[in-house]
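Data file: my_file.tsv. Format and content: TSV, C-alpha atoms.
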```tsv
chain	number	residue	atom	x	y	z
K	95	MET	CA	0.00	0.00	0.00
K	96	ALA	CA	2.90	2.38	0.74
K	97	PRO	CA	4.13	2.33	-2.90
K	98	LEU	CA	0.62	3.26	-4.08
K	99	ARG	CA	0.49	6.22	-1.67
K	100	ARG	CA	3.89	7.42	-2.84
K	101	LEU	CA	2.75	7.21	-6.45
K	102	LEU	CA	-0.43	9.16	-5.67
K	103	LEU	CA	1.56	11.72	-3.73
K	104	CYS	CA	4.02	12.11	-6.62
K	105	LEU	CA	1.15	12.60	-9.03
K	106	CYS	CA	-0.85	15.01	-6.85
K	107	VAL	CA	1.91	17.29	-5.52
K	108	PRO	CA	2.54	18.93	-8.90
K	109	LEU	CA	-1.15	19.80	-9.10
K	110	LEU	CA	-0.92	21.66	-5.79
K	111	LEU	CA	2.03	23.79	-6.83
K	112	PRO	CA	1.36	27.17	-8.47
K	113	PRO	CA	1.97	27.30	-12.21
K	114	PRO	CA	5.33	28.71	-13.28
K	115	ALA	CA	5.26	32.46	-13.89
K	116	ALA	CA	6.96	32.32	-17.26
K	117	PRO	CA	9.23	29.97	-19.12
K	118	VAL	CA	12.89	30.48	-18.47
K	119	PRO	CA	14.41	32.23	-21.46
K	120	VAL	CA	16.95	30.19	-23.34
K	121	PRO	CA	19.94	32.26	-24.34
K	122	GLY	CA	20.08	32.71	-28.09
K	123	PRO	CA	23.15	32.76	-30.26
K	124	ARG	CA	25.56	35.58	-29.44
K	125	THR	CA	26.49	38.24	-31.94
K	126	ASP	CA	29.57	37.29	-33.95
K	127	TRP	CA	31.35	40.64	-33.61
K	128	ALA	CA	34.33	39.68	-35.77
K	129	ALA	CA	32.09	38.60	-38.67
K	130	CYS	CA	30.01	41.78	-38.28
K	131	ARG	CA	33.20	43.86	-38.32
K	132	SER	CA	34.39	42.14	-41.49
K	133	LEU	CA	31.06	42.49	-43.29
K	134	SER	CA	30.55	46.12	-42.23
K	135	ARG	CA	34.01	46.97	-43.58
K	136	GLU	CA	33.15	45.18	-46.82
K	137	LEU	CA	29.88	47.12	-47.03
K	138	SER	CA	31.74	50.41	-46.53
K	139	ARG	CA	34.26	49.43	-49.20
K	140	LEU	CA	31.55	48.47	-51.70
K	141	VAL	CA	29.60	51.70	-51.22
K	142	ALA	CA	32.75	53.80	-51.48
K	143	THR	CA	33.78	52.19	-54.76
K	144	LEU	CA	30.42	52.66	-56.52
K	145	LYS	CA	30.64	54.93	-59.52
K	146	GLU	CA	27.94	57.51	-60.09
K	147	PRO	CA	26.40	56.77	-63.50
K	148	HIS	CA	25.24	60.38	-63.91
K	149	ARG	CA	28.36	62.54	-63.76
K	150	VAL	CA	26.39	65.74	-63.14
K	151	LEU	CA	25.13	64.32	-59.82
K	152	GLU	CA	28.67	63.91	-58.48
K	153	GLU	CA	28.90	67.64	-57.84
K	154	ILE	CA	25.45	68.06	-56.34
K	155	HIS	CA	25.06	67.94	-52.57
K	156	LEU	CA	21.66	66.51	-51.71
K	157	SER	CA	19.77	66.79	-48.47
K	158	GLU	CA	16.41	65.35	-47.53
K	159	GLU	CA	13.45	67.55	-46.67
K	160	ASP	CA	12.36	65.65	-43.56
K	161	PRO	CA	15.30	64.13	-41.66
K	162	LYS	CA	12.96	62.48	-39.14
K	163	ASN	CA	11.48	60.08	-41.68
K	164	TRP	CA	14.39	59.11	-43.88
K	165	PRO	CA	16.64	57.21	-43.12
K	166	PRO	CA	17.46	55.71	-39.70
K	167	ARG	CA	20.70	57.07	-38.27
K	168	ILE	CA	22.80	56.01	-35.34
K	169	ARG	CA	22.43	58.72	-32.70
K	170	CYS	CA	24.00	59.32	-29.30
K	171	SER	CA	20.77	58.14	-27.66
K	172	ASP	CA	21.25	54.72	-29.30
K	173	ALA	CA	23.99	53.90	-26.78
K	174	CYS	CA	26.58	52.88	-29.36
K	175	ASP	CA	29.44	54.48	-27.45
K	176	PRO	CA	32.26	52.16	-26.31
K	177	SER	CA	31.51	52.30	-22.58
K	178	THR	CA	27.85	51.39	-23.06
K	179	LEU	CA	28.57	48.72	-25.67
K	180	ASP	CA	30.68	46.85	-23.16
K	181	THR	CA	27.78	46.56	-20.72
K	182	ASN	CA	24.57	46.62	-22.80
K	183	ASN	CA	24.54	46.60	-26.60
K	184	THR	CA	20.86	45.81	-27.16
K	185	ARG	CA	19.65	49.32	-28.03
K	186	CYS	CA	22.57	49.91	-30.39
K	187	LEU	CA	22.12	46.60	-32.19
K	188	GLN	CA	18.41	47.25	-32.57
K	189	ARG	CA	19.16	50.60	-34.25
K	190	ILE	CA	21.74	48.96	-36.52
K	191	LEU	CA	19.23	46.27	-37.40
K	192	GLN	CA	16.60	48.90	-38.17
K	193	GLY	CA	19.04	50.77	-40.43
K	194	LEU	CA	20.23	47.64	-42.24
K	195	GLN	CA	16.64	46.57	-42.90
K	196	HIS	CA	15.80	50.06	-44.17
K	197	TYR	CA	18.68	50.07	-46.64
K	198	ARG	CA	17.93	46.50	-47.71
K	199	ASP	CA	14.32	47.51	-48.41
K	200	LEU	CA	15.55	50.55	-50.36
K	201	LEU	CA	17.87	48.46	-52.52
K	202	SER	CA	14.99	46.19	-53.49
K	203	SER	CA	12.58	49.08	-54.12
K	204	ASP	CA	11.69	50.72	-57.43
K	205	ILE	CA	14.40	53.33	-56.84
K	206	PHE	CA	17.02	50.73	-57.78
K	207	THR	CA	15.13	48.72	-60.46
K	208	ALA	CA	17.23	50.21	-63.24
K	209	ARG	CA	20.45	49.87	-61.22
K	210	ARG	CA	20.68	46.64	-59.25
K	211	LEU	CA	23.63	46.32	-56.88
K	212	PRO	CA	23.87	42.56	-56.20
K	213	GLN	CA	27.16	42.61	-54.24
K	214	LEU	CA	25.85	45.34	-51.96
K	215	GLU	CA	22.55	43.48	-51.48
K	216	THR	CA	24.36	40.22	-50.66
K	217	THR	CA	26.64	41.88	-48.11
K	218	LEU	CA	23.66	43.64	-46.50
K	219	ASP	CA	21.77	40.32	-46.35
K	220	GLN	CA	24.71	38.58	-44.67
K	221	LEU	CA	25.12	41.36	-42.11
K	222	LEU	CA	21.37	41.39	-41.48
K	223	GLY	CA	21.48	37.65	-40.89
K	224	LEU	CA	24.20	37.98	-38.26
K	225	VAL	CA	22.50	40.78	-36.34
K	226	GLN	CA	19.04	39.19	-36.61
K	227	GLN	CA	20.23	35.99	-34.95
K	228	GLU	CA	20.07	37.70	-31.58
K	229	HIS	CA	17.59	40.51	-32.09
K	230	GLY	CA	14.93	39.18	-34.46
K	231	ARG	CA	13.71	40.68	-37.68
K	232	PRO	CA	12.27	44.21	-37.67
K	233	PRO	CA	9.11	44.80	-39.67
K	234	ARG	CA	9.62	45.49	-43.34
K	235	HIS	CA	8.38	48.78	-44.67
K	236	THR	CA	7.11	49.22	-48.17
K	237	MET	CA	8.66	52.15	-49.94
K	238	VAL	CA	6.54	54.81	-51.56
K	239	PRO	CA	6.84	54.51	-55.35
K	240	SER	CA	9.06	57.19	-56.84
K	241	MET	CA	8.86	59.11	-60.08
K	242	ASN	CA	11.22	57.85	-62.79
K	243	TRP	CA	12.93	61.21	-63.13
K	244	ALA	CA	13.73	61.26	-59.39
K	245	GLN	CA	15.27	57.79	-59.17
K	246	PRO	CA	18.88	58.79	-59.95
K	247	LEU	CA	18.69	61.54	-57.31
K	248	LEU	CA	17.13	59.19	-54.75
K	249	GLN	CA	19.75	56.53	-55.52
K	250	ARG	CA	22.54	59.00	-54.90
K	251	LEU	CA	20.99	60.20	-51.65
K	252	ALA	CA	20.36	56.64	-50.44
K	253	LEU	CA	23.93	55.56	-51.22
K	254	GLN	CA	25.40	58.64	-49.52
K	255	ARG	CA	23.35	57.92	-46.40
K	256	LEU	CA	24.24	54.22	-46.52
K	257	GLN	CA	27.93	55.12	-46.72
K	258	SER	CA	27.61	57.33	-43.65
K	259	PHE	CA	25.62	54.70	-41.75
K	260	ALA	CA	28.09	51.96	-42.70
K	261	ALA	CA	31.04	54.03	-41.45
K	262	VAL	CA	29.50	54.51	-37.99
K	263	MET	CA	28.29	50.89	-37.87
K	264	SER	CA	31.77	49.67	-38.78
K	265	ARG	CA	33.24	51.63	-35.85
K	266	VAL	CA	30.75	50.00	-33.50
K	267	PHE	CA	31.59	46.51	-34.73
K	268	THR	CA	35.33	47.21	-34.71
K	269	HIS	CA	35.17	48.23	-31.05
K	270	SER	CA	32.99	45.27	-30.09
K	271	ALA	CA	35.21	42.78	-31.94
K	272	SER	CA	38.40	43.96	-30.31
K	273	PRO	CA	39.59	42.18	-27.15
K	274	HIS	CA	39.03	44.24	-24.04
```
So that I can check it, write out the structure of this file as structure tokens.
Amino acid sequence: MAPLRRLLLCLCVPLLLPPPAAPVPVPGPRTDWAACRSLSRELSRLVATLKEPHRVLEEIHLSEEDPKNWPPRIRCSDACDPSTLDTNNTRCLQRILQGLQHYRDLLSSDIFTARRLPQLETTLDQLLGLVQQEHGRPPRHTMVPSMNWAQPLLQRLALQRLQSFAAVMSRVFTHSASPH
């Protein structure tokens, strides 16, 4: 009879315990800083070596009308400074992920239909894949269709902004990949 009581007790005790509050999070894969550094440098190199197909645009300095909406930039409030990166890099990586996704969406939009940049797209995809491992995929945004006459100007502006973003992002990854 004692074994039967023990069995009943073993079966009933879990029913008396309160349910667990939440599942214990399983740590995901860590960011591969060295690979991110390498790919961000490659992205910077690729953007810097692109030739402007419309020579007249090389001498024009473009600026967007509404800097709040286009494109994402790494700001001081994103905590990408070296001292914060060493302790908590989540906010910075989320901003980088948002920017990478924005530029990836731009490269596959109608702005670049006449000028595909497959090497740039591939490098962006690889970098996105590394950062997304830990931080998930941000929502994709559809781009507003552009007028054909404006596409060369928008391409130039997008590539200038991508070059600037890639330079800052590369500094972040270079710091994070270095031994401390």
*Is there a way to get, as number ranges by chain, all residues within 10 Å of the point (31.8, 51.2, -33.8) in file coordinates, counting only C-alpha atoms?*
K: 131, 134, 174-176, 179, 186, 260-271
*How many Å separate atom CA of Gly223 of chain K from atom CA of Gln245 of chain K?*
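The value is 27.9 Å.
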*Which residues come within 10 Å of Thr184 of chain K, counting only C-alpha atoms, excluding same-chain residues fewer than 4 positions away, as a ChimeraX atom specification?*
/K:172-174,178-179,188-190,228-229
*So how many Å separate atom CA of Tyr197 of chain K and atom CA of Arg209 of chain K, to one decimal?*
14.7 Å
*Can you pull out every residue within 12 Å of Leu224 of chain K, counting all atoms listed in the file, but drop anything in the same chain fewer than 3 positions away, and send it as number ranges by chain?*
K: 123-134, 187, 190-191, 194, 217-221, 227-231, 267
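The two atoms in question, atom CA of Arg250 of chain K and atom CA of Cys170 of chain K, are spaced 25.6 Å apart.
Counting only C-alpha atoms, Leu253 of chain K has the following residues at most 12 Å away, ignoring those fewer than 5 positions along the same chain: Leu137, Ser138, Leu140, Val141, Ala142, Thr143, Leu144, Lys145, Glu146, Leu156, Pro165, Tyr197, Arg198, Leu200, Leu201, Ile205, Phe206, Leu211, Leu214, Gln245, Pro246, Leu247, Leu248, Ser258, Phe259 and Ala260 of chain K.
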Could segment 242-257 of chain K be completed with N, CA and C atoms and returned as a JSON list (two decimals), in the frame of the given file?
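That gives us rebuild_20.json:
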```json
[["chain", "number", "residue", "atom", "x", "y", "z"],
["K", 242, "ASN", "N", 10.04, 58.29, -62.04],
["K", 242, "ASN", "CA", 11.22, 57.85, -62.79],
["K", 242, "ASN", "C", 12.32, 58.90, -62.84],
["K", 243, "TRP", "N", 11.93, 60.16, -63.02],
["K", 243, "TRP", "CA", 12.93, 61.21, -63.13],
["K", 243, "TRP", "C", 13.70, 61.40, -61.82],
["K", 244, "ALA", "N", 13.09, 61.04, -60.69],
["K", 244, "ALA", "CA", 13.73, 61.26, -59.39],
["K", 244, "ALA", "C", 14.62, 60.11, -58.96],
["K", 245, "GLN", "N", 14.53, 58.97, -59.62],
["K", 245, "GLN", "CA", 15.27, 57.79, -59.17],
["K", 245, "GLN", "C", 16.78, 57.98, -59.10],
["K", 246, "PRO", "N", 17.42, 58.58, -60.10],
["K", 246, "PRO", "CA", 18.88, 58.79, -59.95],
["K", 246, "PRO", "C", 19.24, 59.66, -58.74],
["K", 247, "LEU", "N", 18.43, 60.68, -58.47],
["K", 247, "LEU", "CA", 18.69, 61.54, -57.31],
["K", 247, "LEU", "C", 18.49, 60.76, -56.01],
["K", 248, "LEU", "N", 17.42, 59.98, -55.95],
["K", 248, "LEU", "CA", 17.13, 59.19, -54.75],
["K", 248, "LEU", "C", 18.19, 58.10, -54.54],
["K", 249, "GLN", "N", 18.68, 57.53, -55.63],
["K", 249, "GLN", "CA", 19.75, 56.53, -55.52],
["K", 249, "GLN", "C", 20.98, 57.17, -54.90],
["K", 250, "ARG", "N", 21.35, 58.31, -55.40],
["K", 250, "ARG", "CA", 22.54, 59.00, -54.90],
["K", 250, "ARG", "C", 22.39, 59.33, -53.41],
["K", 251, "LEU", "N", 21.23, 59.86, -53.05],
["K", 251, "LEU", "CA", 20.99, 60.20, -51.65],
["K", 251, "LEU", "C", 21.02, 58.95, -50.78],
["K", 252, "ALA", "N", 20.39, 57.89, -51.22],
["K", 252, "ALA", "CA", 20.36, 56.64, -50.44],
["K", 252, "ALA", "C", 21.77, 56.08, -50.26],
["K", 253, "LEU", "N", 22.57, 56.11, -51.30],
["K", 253, "LEU", "CA", 23.93, 55.56, -51.22],
["K", 253, "LEU", "C", 24.84, 56.44, -50.35],
["K", 254, "GLN", "N", 24.63, 57.76, -50.40],
["K", 254, "GLN", "CA", 25.40, 58.64, -49.52],
["K", 254, "GLN", "C", 25.07, 58.35, -48.06],
["K", 255, "ARG", "N", 23.78, 58.20, -47.77],
["K", 255, "ARG", "CA", 23.35, 57.92, -46.40],
["K", 255, "ARG", "C", 23.82, 56.53, -45.94],
["K", 256, "LEU", "N", 23.77, 55.57, -46.85],
["K", 256, "LEU", "CA", 24.24, 54.22, -46.52],
["K", 256, "LEU", "C", 25.74, 54.25, -46.20],
["K", 257, "GLN", "N", 26.49, 55.03, -46.97],
["K", 257, "GLN", "CA", 27.93, 55.12, -46.72],
["K", 257, "GLN", "C", 28.20, 55.71, -45.33]]
```
